[in-house]
Amino acid sequence: PPPPTHVLPTGVPVVASAVAPVTAAGPAGLQAAGGLSVDPVLLLQQGVLGPSSPIATPCLLLKNMFDPASTAGDAATQQAAAATLAEEVESDVREECARFGELVHVWVDAKAKGFVYLRFTTTHAAEAAHRALHGRWYGGRQIVAEFQFLQVYNSHFKLAATGTK
């Protein structure tokens, strides 16, 4: 039988899926352990913060949340559609992640391949989000969740150690 589906308030269906355990095995370990059905190249792609952290931190990168290339039309239309899509994804992520703990920062990289950066107040909250979101389906795409280095995250997004600007 197909996995159960949940529809988010924005109308985007999310299919529940088995979640891979947190490992430090790297991209190959994620693919094998999680049974992910994403492009293997995506597992190796780094975001603006560089390589992922092999240990849990309060910071997460969610990959494959959307495809910015899926918008059609001229440049102005594509830019407007990408901005709207980024707002919808951010709203959905904030709503979903609120159940794991306090989320102090979210940034949707509308130019990357569906990358969303999250900063929780605690590592425990980020671990809970990782367990729930890694391998899960959103908008017909399987999410890859990776921890990010805290100091690099804070420095890049100009956040204080507490997560505030």
# chains A, B, ... in the order shown; residues from 1 in each chain; ligands from 1

call {"tool": "select_by_dssp", "arguments": {"residues": "range 36-85 of chain A", "states": "strand (DSSP E or B)", "output": "PyMOL selection string"}}
result
chain A and resi 47+50+59-63

call {"tool": "residues_around", "arguments": {"residues": "range 93-99 of chain A", "least_positions_apart": "3", "cutoff": "12 Å", "atoms": "only C-alpha atoms", "output": "ChimeraX atom specification"}}
result
/A:6-10,12,14,60-62,65,86-90,102-108,115-121,125-133,138,143

call {"tool": "closest_residue", "arguments": {"among": "A:Leu85, A:Glu146, A:Asn154, A:Leu159", "to": "Ser52 in chain A", "atoms": "only C-alpha atoms"}}
result
A:Glu146

call {"tool": "residues_around", "arguments": {"residues": "Gln151 in chain A", "least_positions_apart": "5", "cutoff": "10 Å", "atoms": "only C-alpha atoms", "output": "list in words"}}
result
Thr57, Cys59, His156, Leu159, Ala160 and Ala161 of chain A

call {"tool": "write_last_selection", "arguments": {"atoms": "all heavy atoms", "output": "CSV table (one decimal), in the first residue's frame"}}
result
chain,number,residue,atom,x,y,z
A,57,THR,N,24.0,19.5,15.4
A,57,THR,CA,24.1,20.9,15.8
A,57,THR,C,22.7,21.5,15.8
A,57,THR,O,21.7,20.9,15.3
A,57,THR,CB,25.0,21.8,14.9
A,57,THR,OG1,24.3,22.0,13.6
A,57,THR,CG2,26.3,21.1,14.6
A,59,CYS,N,21.6,23.6,13.7
A,59,CYS,CA,21.4,24.1,12.4
A,59,CYS,C,21.2,23.0,11.4
A,59,CYS,O,22.0,22.0,11.4
A,59,CYS,CB,22.7,24.9,11.9
A,59,CYS,SG,23.2,26.2,13.1
A,156,HIS,N,27.7,33.4,8.7
A,156,HIS,CA,27.2,33.6,7.3
A,156,HIS,C,25.9,34.5,7.4
A,156,HIS,O,25.7,35.4,6.7
A,156,HIS,CB,26.9,32.3,6.6
A,156,HIS,CG,26.3,32.6,5.2
A,156,HIS,ND1,27.1,32.9,4.1
A,156,HIS,CD2,25.0,32.6,4.7
A,156,HIS,CE1,26.4,33.1,3.1
A,156,HIS,NE2,25.1,32.9,3.4
A,159,LEU,N,24.2,36.0,12.7
A,159,LEU,CA,23.5,35.8,13.9
A,159,LEU,C,24.4,35.8,15.1
A,159,LEU,O,25.5,35.3,15.0
A,159,LEU,CB,22.7,34.4,13.8
A,159,LEU,CG,21.8,34.3,12.7
A,159,LEU,CD1,21.2,32.8,12.7
A,159,LEU,CD2,20.6,35.3,12.8
A,160,ALA,N,23.9,36.2,16.3
A,160,ALA,CA,24.6,36.1,17.5
A,160,ALA,C,24.6,34.6,17.9
A,160,ALA,O,23.9,33.8,17.4
A,160,ALA,CB,24.0,36.9,18.6
A,161,ALA,N,25.4,34.3,18.9
A,161,ALA,CA,25.5,32.9,19.4
A,161,ALA,C,24.2,32.4,19.8
A,161,ALA,O,23.9,31.2,19.8
A,161,ALA,CB,26.5,32.8,20.5

call {"tool": "residues_around", "arguments": {"residues": "range 41-48 of chain A", "least_positions_apart": "4", "cutoff": "12 Å", "atoms": "only C-alpha atoms", "output": "number ranges by chain"}}
result
A: 26-32, 34, 36-37, 52-53, 60-65, 107-117, 134-135, 142-149, 152-153, 155-157

call {"tool": "select_by_dssp", "arguments": {"residues": "range 20-107 of chain A", "states": "alpha helix (DSSP H)", "output": "MDAnalysis selection string"}}
result
chainID A and resid 27:34 40:44 75:97

call {"tool": "atom_distance", "arguments": {"atom1": "CA of Trp137 in chain A", "atom2": "CA of Ala75 in chain A"}}
result
29.0 Å

call {"tool": "atom_distance", "arguments": {"atom1": "CA of Arg141 in chain A", "atom2": "CA of Ser70 in chain A"}}
result
12.7 Å

call {"tool": "atom_distance", "arguments": {"atom1": "CA of Arg136 in chain A", "atom2": "CA of Thr162 in chain A"}}
result
28.8 Å
